[in-house]
Amino acid sequence: MYTIKTIREANKIAASLGLTRGKGTYNGAAYWTNALGQIVTRERLAELAGY
């Protein structure tokens, strides 16, 4: 299983999926939100990107 190693890489993937970076952290980790306001973590972001 591939993991996203850097926040910069994660931000690029999230932008291509139409997600925006959340302010602050969720359980101590960076997160992104979709148009509905749902939280997407780095692990879920990797799943959505097909890694």
# chains A, B, ... in the order shown; residues from 1 in each chain; ligands from 1
>>> residues_around(residues="Gly18 of chain A", least_positions_apart="2", cutoff="12 Å", atoms="only C-alpha atoms", output="PyMOL selection string")
chain A and resi 11-16+20-21+32-36+40+45+48-49
>>> select_by_dssp(residues="chain A", states="strand (DSSP E or B)", output="ChimeraX atom specification")
/A:20-21,26,29,31-33,39-41
>>> atom_distance(atom1="atom CA of Lys23 of chain A", atom2="atom CA of Tyr51 of chain A")
24.9 Å
>>> select_by_dssp(residues="chain A", states="alpha helix (DSSP H)", output="VMD selection string")
chain A and resid 7 to 16 42 to 49
>>> write_last_selection(atoms="N, CA, C and O atoms", output="compact mmCIF listing (two decimals), in the first residue's frame")
# COMPACT_ATOMS: atom_id res chain seq x y z
N ILE A 7 2.98 16.58 3.02
CA ILE A 7 1.76 17.39 2.95
C ILE A 7 1.66 18.06 1.59
O ILE A 7 0.57 18.18 1.03
N ARG A 8 2.78 18.47 1.02
CA ARG A 8 2.78 19.10 -0.30
C ARG A 8 2.21 18.14 -1.34
O ARG A 8 1.38 18.52 -2.17
N GLU A 9 2.64 16.89 -1.31
CA GLU A 9 2.12 15.88 -2.22
C GLU A 9 0.62 15.66 -1.99
O GLU A 9 -0.17 15.58 -2.94
N ALA A 10 0.23 15.62 -0.74
CA ALA A 10 -1.18 15.44 -0.38
C ALA A 10 -2.03 16.61 -0.87
O ALA A 10 -3.14 16.42 -1.36
N ASN A 11 -1.51 17.82 -0.73
CA ASN A 11 -2.24 19.00 -1.19
C ASN A 11 -2.48 18.97 -2.70
O ASN A 11 -3.55 19.34 -3.17
N LYS A 12 -1.49 18.51 -3.46
CA LYS A 12 -1.65 18.42 -4.91
C LYS A 12 -2.71 17.39 -5.29
O LYS A 12 -3.54 17.63 -6.16
N ILE A 13 -2.68 16.25 -4.61
CA ILE A 13 -3.66 15.20 -4.88
C ILE A 13 -5.06 15.70 -4.51
O ILE A 13 -6.02 15.51 -5.25
N ALA A 14 -5.17 16.33 -3.35
CA ALA A 14 -6.46 16.83 -2.88
C ALA A 14 -7.02 17.88 -3.84
O ALA A 14 -8.22 17.87 -4.14
N ALA A 15 -6.18 18.77 -4.32
CA ALA A 15 -6.63 19.80 -5.26
C ALA A 15 -7.15 19.16 -6.54
O ALA A 15 -8.16 19.61 -7.10
N SER A 16 -6.49 18.10 -7.00
CA SER A 16 -6.95 17.44 -8.23
C SER A 16 -8.29 16.74 -8.02
O SER A 16 -9.03 16.53 -8.97
N ARG A 42 -5.51 11.89 5.53
CA ARG A 42 -4.46 11.52 4.57
C ARG A 42 -4.63 10.08 4.10
O ARG A 42 -4.44 9.78 2.92
N GLU A 43 -5.00 9.18 4.99
CA GLU A 43 -5.20 7.79 4.62
C GLU A 43 -6.36 7.63 3.64
O GLU A 43 -6.28 6.91 2.66
N ARG A 44 -7.45 8.33 3.92
CA ARG A 44 -8.62 8.28 3.03
C ARG A 44 -8.31 8.95 1.71
O ARG A 44 -8.78 8.51 0.66
N LEU A 45 -7.50 10.00 1.74
CA LEU A 45 -7.09 10.69 0.52
C LEU A 45 -6.33 9.73 -0.40
O LEU A 45 -6.56 9.71 -1.61
N ALA A 46 -5.47 8.92 0.16
CA ALA A 46 -4.74 7.92 -0.62
C ALA A 46 -5.70 6.92 -1.24
O ALA A 46 -5.52 6.53 -2.41
N GLU A 47 -6.72 6.52 -0.50
CA GLU A 47 -7.72 5.59 -1.04
C GLU A 47 -8.48 6.21 -2.18
O GLU A 47 -8.73 5.58 -3.22
N LEU A 48 -8.89 7.48 -2.02
CA LEU A 48 -9.65 8.15 -3.07
C LEU A 48 -8.82 8.36 -4.33
O LEU A 48 -9.35 8.32 -5.44
N ALA A 49 -7.50 8.54 -4.16
CA ALA A 49 -6.62 8.74 -5.30
C ALA A 49 -6.27 7.43 -5.98
O ALA A 49 -5.69 7.45 -7.06
